[in-house]
Amino acid sequence: MVNQSDLFKYLLHLGDNALIHSYRLSEWCSRAPFLEEDLALTNLALDQIGRAQSFLKYAGDIEGKNRTEDDLAYKRGERQFYNHLINELPIGDFAYTIAKQLILSTYDVLLFSALSNSTNETIANISAKSLKEVRYHFVHARDWCYRLGLGTELSHQKLQNGFNEIWMFTGELFETDDSYKDLVANGVTIDPSSLKVKWLENISEVMKKSNIIVPNVDYMQSGGMKGIHTEHLGHLLSEMQYLQRAYPNAKW
Amino acid sequence: MDTQLDLWEVFIQSKIGAHHVHAGSVHASDAQMALQNARDTYTRRNEGSSIWVIPSKFVTASTSDDADMFFEPANDKIYRHPTFYVMPEGAKQI
């Protein structure tokens, strides 16, 4: 039997990644370049929120303190969130969002392929379902990279800028901490560092075809698994959690 | 300046074996984008099993001027409707 508090933290990590990513994507609602893309981006957000719900609900079950997925989403402070920092970054312009989508969807395809074989049946089931969704997220991001990268001088420059700005947040995707040891040993998850070579290979292929240079960054940001975040998460949560904070247990 | 992307007509097949039925149109710059936009616009509630997209510029449409010539002659030819047969027992669809 795996360490339940490690499992709880890992489920929060998976749920928080999806929840915070979803929140940022949903900020595109009514602001995308055109109507169809508006629907596309918010569709991606809905996929993520479905995944967040599944993982956070299961996290609540594992914790055993009768906390629901809503309690976990709306009643935790930023130090109790374990998402990768890249998810909480402001949406930037459209090219920036596409760069972020390519980084995360390339990663998600590899992660959920691996987690589909988790020894934990619930994680395996949620991951198998998520895999179908993130494969589409990857195709959506990839095709936009081609269009922007090979489009006009301006679209190319904006996409390159997007990758340049975000790249320092990619290192964290492959980090582990002590809470992984037991989970990896029991086959609940994999060591994310094992995904790095394949991730770089897959994303480089798309970037190369888009005429985008893979940035060379010396310093990588990190902190999500410790609950240490950028300044942006607090602002995001204050907006997302406002209603439950101002009117505790409000229902509609 | 017209900043809209090209228009594509979208046809959705609700289940395998059924006809592709016109669902509406989407804007897109290429065929792949048209397919993805059609998927995101028209199949979000599980409406589809297959999608066709066709550039709207390739659709030739009849005009309202042709309506008399095209459709009027069919109005008084009730014998073209198969309503003079007795339905065989047990036949569900004819």
# chains A, B, ... in the order shown; residues from 1 in each chain; ligands from 1
>>> interface_residues(of="chain B", to="chain A", cutoff="9 Å", atoms="only C-alpha atoms", output="list of chain:residue names")
B:Gln4, B:Val26, B:His27, B:Ala28, B:Gln32, B:Met33, B:Gln36, B:Asn37, B:Ala38, B:Arg39, B:Asp40, B:Thr41, B:Arg44
>>> write_last_selection(atoms="C-alpha atoms", output="PDB file, in the first residue's frame")
ATOM      1  CA  GLN B   4     -12.364  37.092 -42.144  1.00  0.00           C
ATOM      2  CA  VAL B  26     -17.099  27.930 -40.204  1.00  0.00           C
ATOM      3  CA  HIS B  27     -14.230  30.266 -41.009  1.00  0.00           C
ATOM      4  CA  ALA B  28     -10.793  28.738 -41.499  1.00  0.00           C
ATOM      5  CA  GLN B  32      -7.231  21.091 -41.221  1.00  0.00           C
ATOM      6  CA  MET B  33      -8.334  24.237 -39.393  1.00  0.00           C
ATOM      7  CA  GLN B  36     -10.962  21.318 -36.194  1.00  0.00           C
ATOM      8  CA  ASN B  37     -13.223  24.365 -36.079  1.00  0.00           C
ATOM      9  CA  ALA B  38     -16.142  22.268 -37.304  1.00  0.00           C
ATOM     10  CA  ARG B  39     -15.389  19.710 -34.598  1.00  0.00           C
ATOM     11  CA  ASP B  40     -15.277  22.409 -31.913  1.00  0.00           C
ATOM     12  CA  THR B  41     -18.309  24.295 -33.207  1.00  0.00           C
ATOM     13  CA  ARG B  44     -19.307  19.453 -28.755  1.00  0.00           C
TER      14      ARG B  44
END
>>> residues_around(residues="region 212-214 of chain A", least_positions_apart="4", cutoff="12 Å", atoms="only C-alpha atoms", output="PDB file with N, CA and C atoms, in the first residue's frame")
ATOM      1  N   ALA A  99       2.161  28.797 -27.758  1.00  0.00           N
ATOM      2  CA  ALA A  99       3.454  28.234 -27.324  1.00  0.00           C
ATOM      3  C   ALA A  99       3.265  27.421 -26.042  1.00  0.00           C
ATOM      4  N   ILE A 103       3.794  23.299 -25.416  1.00  0.00           N
ATOM      5  CA  ILE A 103       4.654  22.770 -24.352  1.00  0.00           C
ATOM      6  C   ILE A 103       3.865  21.803 -23.467  1.00  0.00           C
ATOM      7  N   CYS A 145       1.034  26.317 -34.391  1.00  0.00           N
ATOM      8  CA  CYS A 145       2.467  26.640 -34.438  1.00  0.00           C
ATOM      9  C   CYS A 145       2.940  26.725 -35.883  1.00  0.00           C
ATOM     10  N   TYR A 146       2.527  25.754 -36.695  1.00  0.00           N
ATOM     11  CA  TYR A 146       2.902  25.802 -38.119  1.00  0.00           C
ATOM     12  C   TYR A 146       2.402  27.099 -38.739  1.00  0.00           C
ATOM     13  N   ARG A 147       1.131  27.426 -38.483  1.00  0.00           N
ATOM     14  CA  ARG A 147       0.531  28.603 -39.130  1.00  0.00           C
ATOM     15  C   ARG A 147       1.216  29.896 -38.696  1.00  0.00           C
ATOM     16  N   LEU A 148       1.438  30.026 -37.384  1.00  0.00           N
ATOM     17  CA  LEU A 148       2.047  31.267 -36.893  1.00  0.00           C
ATOM     18  C   LEU A 148       3.531  31.319 -37.239  1.00  0.00           C
ATOM     19  N   GLY A 149       4.204  30.191 -37.072  1.00  0.00           N
ATOM     20  CA  GLY A 149       5.642  30.144 -37.331  1.00  0.00           C
ATOM     21  C   GLY A 149       5.967  30.395 -38.789  1.00  0.00           C
ATOM     22  N   LEU A 150       5.142  29.862 -39.673  1.00  0.00           N
ATOM     23  CA  LEU A 150       5.387  30.007 -41.115  1.00  0.00           C
ATOM     24  C   LEU A 150       4.503  31.079 -41.733  1.00  0.00           C
ATOM     25  N   GLY A 151       3.795  31.836 -40.884  1.00  0.00           N
ATOM     26  CA  GLY A 151       2.876  32.859 -41.393  1.00  0.00           C
ATOM     27  C   GLY A 151       3.610  34.122 -41.792  1.00  0.00           C
ATOM     28  N   GLU A 153       5.958  37.674 -40.866  1.00  0.00           N
ATOM     29  CA  GLU A 153       7.121  37.989 -40.046  1.00  0.00           C
ATOM     30  C   GLU A 153       6.674  38.268 -38.603  1.00  0.00           C
ATOM     31  N   SER A 155       3.806  37.258 -37.047  1.00  0.00           N
ATOM     32  CA  SER A 155       3.282  36.083 -36.334  1.00  0.00           C
ATOM     33  C   SER A 155       4.436  35.174 -35.903  1.00  0.00           C
ATOM     34  N   HIS A 156       5.441  35.075 -36.761  1.00  0.00           N
ATOM     35  CA  HIS A 156       6.611  34.268 -36.433  1.00  0.00           C
ATOM     36  C   HIS A 156       7.335  34.839 -35.216  1.00  0.00           C
ATOM     37  N   GLN A 157       7.515  36.156 -35.216  1.00  0.00           N
ATOM     38  CA  GLN A 157       8.228  36.812 -34.124  1.00  0.00           C
ATOM     39  C   GLN A 157       7.479  36.657 -32.803  1.00  0.00           C
ATOM     40  N   LYS A 158       6.144  36.790 -32.870  1.00  0.00           N
ATOM     41  CA  LYS A 158       5.345  36.674 -31.644  1.00  0.00           C
ATOM     42  C   LYS A 158       5.414  35.254 -31.076  1.00  0.00           C
ATOM     43  N   LEU A 159       5.405  34.259 -31.974  1.00  0.00           N
ATOM     44  CA  LEU A 159       5.484  32.876 -31.501  1.00  0.00           C
ATOM     45  C   LEU A 159       6.853  32.597 -30.883  1.00  0.00           C
ATOM     46  N   GLN A 160       7.901  33.070 -31.551  1.00  0.00           N
ATOM     47  CA  GLN A 160       9.252  32.887 -31.006  1.00  0.00           C
ATOM     48  C   GLN A 160       9.373  33.573 -29.645  1.00  0.00           C
ATOM     49  N   ASN A 161       8.848  34.794 -29.527  1.00  0.00           N
ATOM     50  CA  ASN A 161       8.860  35.511 -28.246  1.00  0.00           C
ATOM     51  C   ASN A 161       8.143  34.708 -27.162  1.00  0.00           C
ATOM     52  N   GLY A 162       7.004  34.113 -27.543  1.00  0.00           N
ATOM     53  CA  GLY A 162       6.240  33.316 -26.595  1.00  0.00           C
ATOM     54  C   GLY A 162       7.085  32.175 -26.036  1.00  0.00           C
ATOM     55  N   PHE A 163       7.706  31.417 -26.937  1.00  0.00           N
ATOM     56  CA  PHE A 163       8.555  30.303 -26.487  1.00  0.00           C
ATOM     57  C   PHE A 163       9.716  30.818 -25.643  1.00  0.00           C
ATOM     58  N   ASN A 164      10.334  31.936 -26.061  1.00  0.00           N
ATOM     59  CA  ASN A 164      11.470  32.485 -25.311  1.00  0.00           C
ATOM     60  C   ASN A 164      11.073  32.830 -23.873  1.00  0.00           C
ATOM     61  N   GLU A 165       9.880  33.421 -23.724  1.00  0.00           N
ATOM     62  CA  GLU A 165       9.456  33.856 -22.401  1.00  0.00           C
ATOM     63  C   GLU A 165       9.080  32.689 -21.484  1.00  0.00           C
ATOM     64  N   ILE A 166       8.493  31.651 -22.075  1.00  0.00           N
ATOM     65  CA  ILE A 166       7.972  30.563 -21.238  1.00  0.00           C
ATOM     66  C   ILE A 166       9.018  29.496 -20.928  1.00  0.00           C
ATOM     67  N   TRP A 167      10.037  29.407 -21.766  1.00  0.00           N
ATOM     68  CA  TRP A 167      10.910  28.239 -21.726  1.00  0.00           C
ATOM     69  C   TRP A 167      11.481  27.959 -20.341  1.00  0.00           C
ATOM     70  N   MET A 168      11.756  29.008 -19.552  1.00  0.00           N
ATOM     71  CA  MET A 168      12.352  28.788 -18.231  1.00  0.00           C
ATOM     72  C   MET A 168      11.388  28.092 -17.260  1.00  0.00           C
ATOM     73  N   THR A 170       9.795  25.292 -18.226  1.00  0.00           N
ATOM     74  CA  THR A 170       9.642  23.908 -18.696  1.00  0.00           C
ATOM     75  C   THR A 170      10.454  22.922 -17.853  1.00  0.00           C
ATOM     76  N   LEU A 200      11.424  16.610 -25.519  1.00  0.00           N
ATOM     77  CA  LEU A 200      12.248  17.565 -26.260  1.00  0.00           C
ATOM     78  C   LEU A 200      12.299  17.181 -27.741  1.00  0.00           C
ATOM     79  N   GLU A 201      12.338  15.880 -27.993  1.00  0.00           N
ATOM     80  CA  GLU A 201      12.368  15.393 -29.379  1.00  0.00           C
ATOM     81  C   GLU A 201      11.063  15.775 -30.096  1.00  0.00           C
ATOM     82  N   ASN A 202       9.928  15.494 -29.449  1.00  0.00           N
ATOM     83  CA  ASN A 202       8.622  15.765 -30.076  1.00  0.00           C
ATOM     84  C   ASN A 202       8.387  17.253 -30.296  1.00  0.00           C
ATOM     85  N   ILE A 203       8.696  18.048 -29.276  1.00  0.00           N
ATOM     86  CA  ILE A 203       8.408  19.484 -29.389  1.00  0.00           C
ATOM     87  C   ILE A 203       9.396  20.153 -30.352  1.00  0.00           C
ATOM     88  N   SER A 204      10.647  19.683 -30.357  1.00  0.00           N
ATOM     89  CA  SER A 204      11.640  20.259 -31.270  1.00  0.00           C
ATOM     90  C   SER A 204      11.227  20.031 -32.717  1.00  0.00           C
ATOM     91  N   GLU A 205      10.644  18.872 -32.975  1.00  0.00           N
ATOM     92  CA  GLU A 205      10.221  18.542 -34.336  1.00  0.00           C
ATOM     93  C   GLU A 205       9.196  19.571 -34.830  1.00  0.00           C
ATOM     94  N   VAL A 206       8.203  19.863 -33.976  1.00  0.00           N
ATOM     95  CA  VAL A 206       7.173  20.836 -34.355  1.00  0.00           C
ATOM     96  C   VAL A 206       7.775  22.236 -34.485  1.00  0.00           C
ATOM     97  N   MET A 207       8.639  22.596 -33.523  1.00  0.00           N
ATOM     98  CA  MET A 207       9.231  23.943 -33.550  1.00  0.00           C
ATOM     99  C   MET A 207      10.112  24.120 -34.779  1.00  0.00           C
ATOM    100  N   LYS A 208      10.867  23.087 -35.106  1.00  0.00           N
ATOM    101  CA  LYS A 208      11.739  23.154 -36.285  1.00  0.00           C
ATOM    102  C   LYS A 208      10.907  23.356 -37.551  1.00  0.00           C
TER     103      LYS A 208
END
>>> select_by_dssp(residues="region 41-209 of chain A", states="alpha helix (DSSP H)", output="number ranges by chain")
A: 41-63, 69-74, 94-115, 121-149, 153-166, 179-185, 196-209
>>> residues_around(residues="Glu69 (chain A)", least_positions_apart="3", cutoff="7 Å", atoms="only C-alpha atoms", output="list of chain:residue names")
A:Gln53, A:Leu56, A:Lys57, A:Gly60, A:Leu72, A:Ala73
>>> closest_residue(among="A:Leu25, A:Ala141, A:Leu111, A:Ala124", to="Asn87 (chain A)", atoms="only C-alpha atoms")
A:Leu25
>>> select_by_dssp(residues="region 44-75 of chain B", states="strand (DSSP E)", output="PyMOL selection string")
chain B and resi 50-55
>>> write_last_selection(atoms="N, CA and C atoms", output="mmCIF file, in the first residue's frame")
data_model
loop_
_atom_site.group_PDB
_atom_site.id
_atom_site.type_symbol
_atom_site.label_atom_id
_atom_site.label_comp_id
_atom_site.auth_asym_id
_atom_site.auth_seq_id
_atom_site.Cartn_x
_atom_site.Cartn_y
_atom_site.Cartn_z
ATOM 1 N N SER B 50 -18.581 11.617 -37.937
ATOM 2 C CA SER B 50 -17.714 11.957 -39.062
ATOM 3 C C SER B 50 -18.054 13.365 -39.536
ATOM 4 N N ILE B 51 -17.056 14.073 -40.054
ATOM 5 C CA ILE B 51 -17.257 15.452 -40.509
ATOM 6 C C ILE B 51 -16.706 15.615 -41.924
ATOM 7 N N TRP B 52 -17.476 16.292 -42.792
ATOM 8 C CA TRP B 52 -16.924 16.770 -44.061
ATOM 9 C C TRP B 52 -16.852 18.290 -43.997
ATOM 10 N N VAL B 53 -15.805 18.862 -44.532
ATOM 11 C CA VAL B 53 -15.782 20.315 -44.751
ATOM 12 C C VAL B 53 -15.464 20.581 -46.214
ATOM 13 N N ILE B 54 -16.156 21.538 -46.777
ATOM 14 C CA ILE B 54 -16.025 21.849 -48.202
ATOM 15 C C ILE B 54 -15.977 23.375 -48.361
ATOM 16 N N PRO B 55 -14.991 23.888 -49.121
ATOM 17 C CA PRO B 55 -14.940 25.345 -49.300
ATOM 18 C C PRO B 55 -16.251 25.863 -49.890
#
>>> residues_around(residues="Asp16 (chain A)", least_positions_apart="2", cutoff="7 Å", atoms="only C-alpha atoms", output="JSON, numbers by chain")
{"A": [12, 13, 14, 18, 19, 20, 52, 81, 82, 83]}
>>> atom_distance(atom1="CA of Ala59 (chain A)", atom2="CA of Gln241 (chain A)")
19.0 Å
